[in-house]
Each structure stands twice: as structure tokens, then as C-alpha cells.
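Participant: mmCIF, C-alpha atoms, saved as target-v8.cif, coming up:
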data_input
#
loop_
_atom_site.label_atom_id
_atom_site.label_comp_id
_atom_site.auth_asym_id
_atom_site.auth_seq_id
_atom_site.Cartn_x
_atom_site.Cartn_y
_atom_site.Cartn_z
CA MET A 4 10.44 -5.24 51.75
CA LEU A 5 10.43 -3.56 48.34
CA LEU A 6 9.16 -0.27 49.71
CA LYS A 7 12.34 0.49 51.65
CA PRO A 8 14.72 0.56 48.61
CA VAL A 9 12.20 2.57 46.59
CA LYS A 10 11.74 4.99 49.44
CA PHE A 11 15.49 5.35 49.81
CA ILE A 12 15.94 6.11 46.09
CA VAL A 13 13.15 8.67 46.12
CA LEU A 14 14.47 10.42 49.21
CA THR A 15 18.01 10.42 47.81
CA ALA A 16 16.88 11.93 44.49
CA ALA A 17 14.76 14.53 46.30
CA GLY A 18 17.66 15.43 48.59
CA THR A 19 20.04 15.75 45.65
CA PHE A 20 17.60 17.96 43.76
CA LEU A 21 17.04 20.12 46.86
CA VAL A 22 20.77 20.60 47.47
CA GLY A 23 21.31 21.36 43.78
CA GLY A 24 18.53 23.92 43.89
CA LEU A 25 20.08 25.63 46.88
CA LEU A 26 23.53 25.73 45.28
CA PHE A 27 22.64 26.59 41.64
CA GLY A 28 19.19 28.14 41.93
CA ARG A 29 17.22 28.25 38.67
CA ASP A 30 20.21 26.92 36.73
CA VAL A 31 19.93 23.49 38.40
CA PHE A 32 18.09 22.00 35.36
CA SER A 33 20.78 23.27 33.00
CA TYR A 34 23.52 21.71 35.13
CA ILE A 35 21.64 18.39 35.30
CA SER A 36 21.11 18.37 31.52
CA SER A 37 24.76 19.20 30.82
CA SER A 38 25.95 16.49 33.22
CA ALA A 39 23.73 13.87 31.59
CA HIS A 40 24.95 14.89 28.13
CA SER A 41 28.58 14.65 29.24
CA VAL A 42 28.04 11.21 30.76
CA ARG A 43 26.34 10.01 27.58
CA ASN A 44 29.22 11.27 25.40
CA VAL A 45 31.78 9.58 27.64
CA VAL A 46 29.91 6.28 27.43
CA GLN A 47 29.60 6.50 23.63
CA GLU A 48 33.29 7.33 23.22
CA SER A 49 34.27 4.40 25.41
CA VAL A 50 32.48 1.88 23.15
CA PRO A 51 35.03 0.07 20.94
CA VAL A 52 34.89 0.81 17.21
CA GLU A 53 34.75 -2.91 16.44
CA PHE A 54 31.57 -3.22 18.53
CA GLN A 55 29.94 -0.31 16.68
CA LEU A 56 30.88 -1.85 13.32
CA SER A 57 29.37 -5.16 14.41
CA ARG A 58 26.21 -3.33 15.49
CA ALA A 59 26.01 -1.59 12.10
CA LYS A 60 26.27 -5.00 10.36
CA ASP A 61 23.49 -6.39 12.52
CA LEU A 62 21.23 -3.43 11.66
CA VAL A 63 21.84 -3.96 7.94
CA ASN A 64 21.17 -7.71 8.25
CA ASP A 65 17.93 -6.98 10.13
CA ILE A 66 16.60 -5.45 6.90
CA ILE A 67 16.82 -8.80 5.06
CA PRO A 68 13.73 -10.44 6.68
CA GLU A 69 11.68 -7.30 5.97
CA MET A 70 12.85 -7.31 2.35
CA GLN A 71 11.85 -10.97 2.02
CA ALA A 72 8.43 -10.21 3.48
CA ASN A 73 7.96 -7.41 0.93
CA VAL A 74 9.00 -9.75 -1.88
CA ARG A 75 6.23 -12.15 -0.83
CA VAL A 76 3.73 -9.28 -0.72
CA ILE A 77 4.76 -8.19 -4.22
CA ALA A 78 4.42 -11.76 -5.52
CA GLN A 79 0.91 -12.03 -4.04
CA GLN A 80 -0.07 -8.70 -5.60
CA GLU A 81 1.14 -9.90 -9.00
CA VAL A 82 -0.99 -13.06 -8.71
CA ASP A 83 -4.05 -11.00 -7.66
CA ILE A 84 -3.57 -8.60 -10.57
CA GLU A 85 -3.37 -11.42 -13.12
CA SER A 86 -6.54 -12.99 -11.69
CA LEU A 87 -8.34 -9.62 -11.79
CA LYS A 88 -7.27 -9.07 -15.41
CA ALA A 89 -8.74 -12.47 -16.42
CA ASP A 90 -11.97 -11.62 -14.58
CA ILE A 91 -12.24 -8.26 -16.38
CA ASP A 92 -11.63 -9.89 -19.78
CA GLN A 93 -14.40 -12.39 -19.09
CA SER A 94 -16.74 -9.58 -17.99
CA HIS A 95 -16.08 -7.67 -21.22
CA THR A 96 -16.90 -10.79 -23.27
CA GLN A 97 -20.17 -11.25 -21.36
CA LEU A 98 -21.07 -7.58 -21.84
CA ILE A 99 -20.62 -7.87 -25.61
CA GLY A 100 -22.96 -10.88 -25.72
CA GLU A 101 -25.56 -9.21 -23.52
CA ARG A 102 -25.53 -6.02 -25.59
CA THR A 103 -26.19 -8.15 -28.68
CA ARG A 104 -29.17 -9.86 -27.02
CA VAL A 105 -30.61 -6.54 -25.85
CA ALA A 106 -30.28 -5.15 -29.37
CA LYS A 107 -32.15 -8.16 -30.83
CA LEU A 108 -35.01 -7.78 -28.36
CA ARG A 109 -35.14 -4.08 -29.14
CA ASP A 110 -35.41 -4.90 -32.85
CA CYS A 111 -38.33 -7.23 -32.18
CA LEU A 112 -40.25 -4.59 -30.22
CA ASN A 113 -39.56 -2.15 -33.03
CA THR A 114 -42.17 -4.07 -35.07
CA GLN A 115 -45.95 -4.15 -34.65
CA GLN A 116 -46.13 -7.89 -33.87
CA VAL A 117 -48.14 -9.01 -30.85
CA SER A 118 -46.31 -12.35 -30.42
CA PHE A 119 -42.80 -13.61 -31.12
CA THR A 120 -41.40 -17.09 -31.64
CA PHE A 121 -37.93 -18.10 -30.44
CA GLY A 122 -37.18 -21.76 -31.03
CA ASP A 123 -40.11 -23.80 -29.76
CA TYR A 124 -41.47 -21.04 -27.55
CA VAL A 125 -43.93 -18.25 -28.30
CA TYR A 126 -43.83 -15.01 -26.30
CA THR A 127 -46.32 -12.17 -26.13
CA ARG A 128 -45.28 -8.58 -26.64
CA ASP A 129 -45.66 -7.86 -22.91
CA GLN A 130 -43.44 -10.82 -22.04
CA LEU A 131 -40.80 -9.62 -24.47
CA LYS A 132 -41.06 -6.11 -23.06
CA GLU A 133 -40.56 -7.38 -19.49
CA ASP A 134 -37.60 -9.50 -20.56
CA LEU A 135 -36.00 -6.53 -22.33
CA ALA A 136 -36.46 -4.33 -19.25
CA HIS A 137 -34.87 -6.99 -17.04
CA ARG A 138 -31.93 -7.57 -19.38
CA PHE A 139 -31.41 -3.83 -19.82
CA ASP A 140 -31.18 -3.30 -16.05
CA ASN A 141 -28.75 -6.21 -15.73
CA LEU A 142 -26.63 -4.81 -18.56
CA LYS A 143 -26.29 -1.41 -16.94
CA GLU A 144 -25.45 -2.99 -13.58
CA ALA A 145 -22.84 -5.25 -15.19
CA GLU A 146 -21.23 -2.24 -16.88
CA ILE A 147 -20.97 -0.44 -13.54
CA VAL A 148 -19.42 -3.50 -11.88
CA THR A 149 -16.93 -3.96 -14.72
CA ALA A 150 -15.93 -0.29 -14.54
CA GLY A 151 -15.34 -0.73 -10.80
CA LYS A 152 -13.13 -3.75 -11.44
CA GLN A 153 -11.13 -1.72 -13.95
CA ARG A 154 -10.56 1.04 -11.38
CA LEU A 155 -9.52 -1.56 -8.81
CA LEU A 156 -7.04 -3.04 -11.29
CA GLU A 157 -5.49 0.37 -11.94
CA ASN A 158 -5.11 1.03 -8.19
CA ARG A 159 -3.50 -2.36 -7.59
CA GLN A 160 -1.09 -1.85 -10.47
CA LYS A 161 -0.03 1.53 -9.04
CA SER A 162 0.42 -0.05 -5.61
CA LEU A 163 2.52 -2.86 -7.08
CA GLN A 164 4.72 -0.42 -8.98
CA ALA A 165 5.31 1.67 -5.84
CA ALA A 166 6.19 -1.45 -3.80
CA MET A 167 8.66 -2.66 -6.43
CA GLN A 168 10.34 0.76 -6.62
CA ALA A 169 10.64 0.87 -2.82
CA LEU A 170 12.17 -2.62 -2.79
CA ASP A 171 14.70 -1.65 -5.47
CA ARG A 172 15.69 1.45 -3.49
CA THR A 173 16.11 -0.63 -0.34
CA ARG A 174 18.35 -3.12 -2.14
CA SER A 175 20.53 -0.33 -3.49
CA GLN A 176 20.78 1.38 -0.10
CA LYS A 177 21.58 -1.92 1.61
CA ALA A 178 24.42 -2.57 -0.83
CA LEU A 179 25.70 0.97 -0.26
CA LEU A 180 25.63 0.49 3.52
CA GLU A 181 27.54 -2.77 3.24
CA GLN A 182 30.19 -1.04 1.15
CA GLN A 183 30.45 1.78 3.69
CA ILE A 184 30.80 -0.65 6.58
CA ALA A 185 33.49 -2.59 4.72
CA SER A 186 35.31 0.68 4.04
CA LEU A 187 35.09 1.63 7.72
CA GLU A 188 36.47 -1.75 8.73
CA GLY A 189 39.43 -1.25 6.41
CA GLN A 190 40.00 2.26 7.73
CA ASN A 191 39.84 0.97 11.31
CA GLN A 192 42.43 -1.71 10.59
CA LEU A 193 44.79 0.86 9.04
CA VAL A 194 44.39 3.16 12.03
CA ARG A 195 45.04 0.31 14.46
CA ALA A 196 48.16 -0.76 12.53
CA ALA A 197 49.47 2.81 12.43
CA SER A 198 48.74 3.52 16.07
CA VAL A 199 50.63 0.63 17.66
CA GLY A 200 52.33 1.99 20.76
CA SER A 201 50.59 5.38 20.61
CA SER A 202 47.27 6.85 21.68
CA PHE A 203 44.76 7.64 18.96
CA ALA A 204 41.11 8.70 18.43
CA ILE A 205 38.49 7.50 15.96
CA ASP A 206 36.06 9.76 14.11
CA ASN A 207 32.65 8.11 14.46
CA SER A 208 30.79 10.53 12.14
CA LYS A 209 30.51 8.03 9.29
CA LEU A 210 29.15 5.37 11.63
CA ALA A 211 26.52 7.84 12.83
CA GLN A 212 25.55 8.56 9.21
CA SER A 213 25.27 4.83 8.51
CA GLU A 214 23.00 4.28 11.51
CA LYS A 215 20.80 7.20 10.48
CA LEU A 216 20.47 5.86 6.94
CA ILE A 217 19.54 2.42 8.30
CA ALA A 218 16.75 3.99 10.38
CA GLU A 219 15.41 5.75 7.27
CA ILE A 220 15.39 2.47 5.34
CA LYS A 221 13.43 0.72 8.10
CA GLN A 222 10.87 3.54 8.06
CA GLN A 223 10.45 3.24 4.28
CA LEU A 224 9.87 -0.50 4.59
CA ASP A 225 7.23 0.04 7.30
CA VAL A 226 5.38 2.47 4.99
CA ALA A 227 5.62 0.10 2.00
CA GLU A 228 4.02 -2.74 4.00
CA ARG A 229 0.91 -0.65 4.57
CA VAL A 230 0.08 0.01 0.91
CA LEU A 231 -3.48 -1.10 0.36
CA ALA A 232 -5.62 -1.46 -2.69
CA HIS A 233 -8.93 0.41 -2.61
CA GLN A 234 -12.06 -1.58 -3.25
CA ALA A 235 -14.50 0.05 -5.68
CA LYS A 236 -18.09 0.39 -4.52
CA PHE A 237 -20.77 -0.50 -7.00
CA VAL A 238 -23.98 1.43 -7.37
CA GLN A 239 -27.12 -0.66 -7.21
CA PRO A 240 -29.58 -0.10 -10.07
CA ILE A 241 -32.93 1.49 -9.41
CA GLN A 242 -35.78 -1.00 -9.29
CA ILE A 243 -38.70 -0.10 -11.53
CA ASP A 244 -42.04 -1.69 -10.74
CA VAL A 245 -43.93 -0.50 -13.83
CA VAL A 246 -42.26 -0.59 -17.26
CA ASN A 247 -43.24 2.08 -19.75
CA GLU A 248 -42.66 0.68 -23.22
CA LYS A 249 -42.04 4.02 -24.89
CA ASP A 250 -39.54 5.20 -22.25
CA LEU A 251 -37.87 1.79 -22.22
CA LEU A 252 -37.37 1.73 -26.00
CA GLN A 253 -35.98 5.27 -25.94
CA GLN A 254 -33.50 4.41 -23.17
CA VAL A 255 -32.36 1.26 -24.98
CA ASP A 256 -31.90 3.20 -28.25
CA GLU A 257 -29.79 5.86 -26.53
CA HIS A 258 -27.69 3.29 -24.66
CA LEU A 259 -27.05 1.13 -27.70
CA ALA A 260 -26.23 4.18 -29.78
CA SER A 261 -23.59 5.25 -27.22
CA SER A 262 -22.16 1.71 -27.35
CA GLY A 263 -21.89 1.71 -31.15
CA THR A 264 -24.82 -0.70 -31.67
CA THR A 265 -27.53 0.70 -33.94
CA PRO A 266 -31.02 -0.92 -33.77
CA THR A 267 -32.54 -2.25 -36.98
CA ALA A 268 -34.84 0.24 -38.64
CA GLN A 269 -38.56 -0.24 -38.01
CA ARG A 270 -40.13 -2.52 -40.55
#
Would you mind writing the file's structure down as C-alpha cells?
Facilitator:
Amino acid sequence: MLLKPVKFIVLTAAGTFLVGGLLFGRDVFSYISSSAHSVRNVVQESVPVEFQLSRAKDLVNDIIPEMQANVRVIAQQEVDIESLKADIDQSHTQLIGERTRVAKLRDCLNTQQVSFTFGDYVYTRDQLKEDLAHRFDNLKEAEIVTAGKQRLLENRQKSLQAAMQALDRTRSQKALLEQQIASLEGQNQLVRAASVGSSFAIDNSKLAQSEKLIAEIKQQLDVAERVLAHQAKFVQPIQIDVVNEKDLLQQVDEHLASSGTTPTAQR
């Protein structure tokens, strides 16, 4: 049943194209394009101005839900940034304490003692050396992780700033569009009042500009919603099976010196 109407439409279109080709030759496509353009212009000109103004209002109002969604995204980013800042502050505090402990162990190994007493426990020199190597590796790893968190914080702050600027621009452009639509409504009312009993035409150029600006705003909002923060990747420390005391002490001295912590002179 459905094949007959489809077949009729196809045959009719083919027949029309064939007749047009015979009459106009190679220019048939140009005639078809010009006819379609003329029909489209006639349809657009026949649309009432009031309807186009109402459509422009609807397009502006459609931006509101997207603006609200971006406000929620911005609020979530602000909460995440505050949480990340607190985490970084805590990491810095832990790093300071760990550097102090590493420096104390380094001072102990800087002596010629074979055993060391901490509280109620006695440790051999080898045990202290192993503990220092372990703490030193953990310290370097923690510094790398903290530096990664700092980079992540900077990226999120840049993303938040860009989102807030985009939202502010959208608000300003929305207000401008509303003013333009209100101005067009007033102009339309004046034209209608002055054209009572006579034929008149409306210039739709400003409406076209308003619709184009609305499309640009929607595109900017789509881009703003896809702003992502980049996660920093942390480098895993190299595992060392055998600890060389001389190399270890030299590495610790160099690291503590770069951090502003100077080991106690050898007694």
C-alpha cells in the first residue's frame, strides 16, 4: 500500500526533472535553486513580525536553563578547589615534618655509633640506615605528589576563571538581546499605529542579527560546559634493593641542602 504513493512521488519528481532538463538544459539546477530561494523568501516575508518577536523571546529564554546549569558547575568547581587547597596545605605540613625526621636520622648516621636508642628501643646502624632509605624514598614521592596537586589546583583555577568570564559575558549579551527585542516591539507598535489603513513593509534585519547573536551565545555555552581539569600523573619512585650507605648519605645531604635544611656537622 505504501509503495504506490512513494512510487508516484518518485516518478513525478523524475518526470519534472526530465522535462526541466529538456527545456533548460544545463541551467536546470540554477533554475531549481533560484525557485527554491524565491519560495523560501516568500514564506519568510509572510511570517508576522509578532510571531518572529515571540520566537526571539523564546530563544533568549532558552538560554536561562543553560546558564543555571553553568552556575551549578561553577559552584561545584569552587567547592572542589577549596577541598584541594586544604589537601595541599596538609601535604605541605606533612612534608615539613618528614624532612625534619629525615634530617635527624641523617645526623645520627653522621656519627660513628653502631647502635642508637630512641625511647625504649635500640636500633642498629643497619636498621637506622634502612629506615632512612625508606623515609627518603617516601619523602621524594610525597614531594612529587604534592607538586602534581599544585599543578592540578592551578589548572582548575584557570578553568573556573574562564567559566565565570563566559557566564558574565552570556548574562550581558542576554540583557542586550532583551533590550533589542523590547526596542523592536516598540518600533513594531509605532509602525502598526502609523500604517492603519495603508500597506507597509517591515525591515527584519535587526531580528536576523538578534537570532544570529543568540546562536553564538548557545555555542559559547556549549564550549564552556566542556571545560575539564587535567589530572596530573605522578611518577613512581625507583625501587632500590640494595642500599649503599655512602651514596644514600650523599643524596640525603644534597636533598636537604636544596630544601634549606643543613645536617649537623659530624661529631
Participant: Could you list the residues chosen by the PyMOL selection byres ((chain A and resi 153) around 12) in this structure as a PyMOL selection string?
Facilitator: chain A and resi 84+87-92+94-95+146-152+154-160+233-237
Participant: For CA of Asp129 (chain A) and CA of Asn247 (chain A), determine how far apart the two atoms are, in Å to one decimal place.
Facilitator: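 Straight-line distance from CA of Asp129 (chain A) to CA of Asn247 (chain A) works out to 10.7 Å.
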Participant: So that I can check the surroundings of Leu108 (chain A), please list as a list in words every protein, DNA and RNA residue that reaches within 9 Å of it, counting all atoms listed in the file and ignoring chain neighbours fewer than 2 positions away.
Facilitator: Thr103, Arg104, Val105, Ala106, Asp110, Cys111, Leu112, Asn113, Leu131, Lys132, Asp134 and Leu135 of chain A
Participant: Can you work out the spacing between CA of Thr114 (chain A) and CA of Thr96 (chain A) in Å, to one decimal?
Facilitator: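 A separation of 28.7 Å between them.
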Participant: Determine, counting all atoms listed in the file, which protein, DNA and RNA residues have an atom within 12 Å of an atom of Leu259 (chain A); residues of the same chain fewer than 2 positions away are not included. Present the result as an MDAnalysis selection string.
Facilitator: chainID A and resid 99 101:110 139 142:143 252:257 261:267
Participant: What is the distance between CA of Met70 (chain A) and CA of Glu188 (chain A), in Å to one decimal?
Facilitator: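 Computing it gives 25.1 Å between the two atoms.
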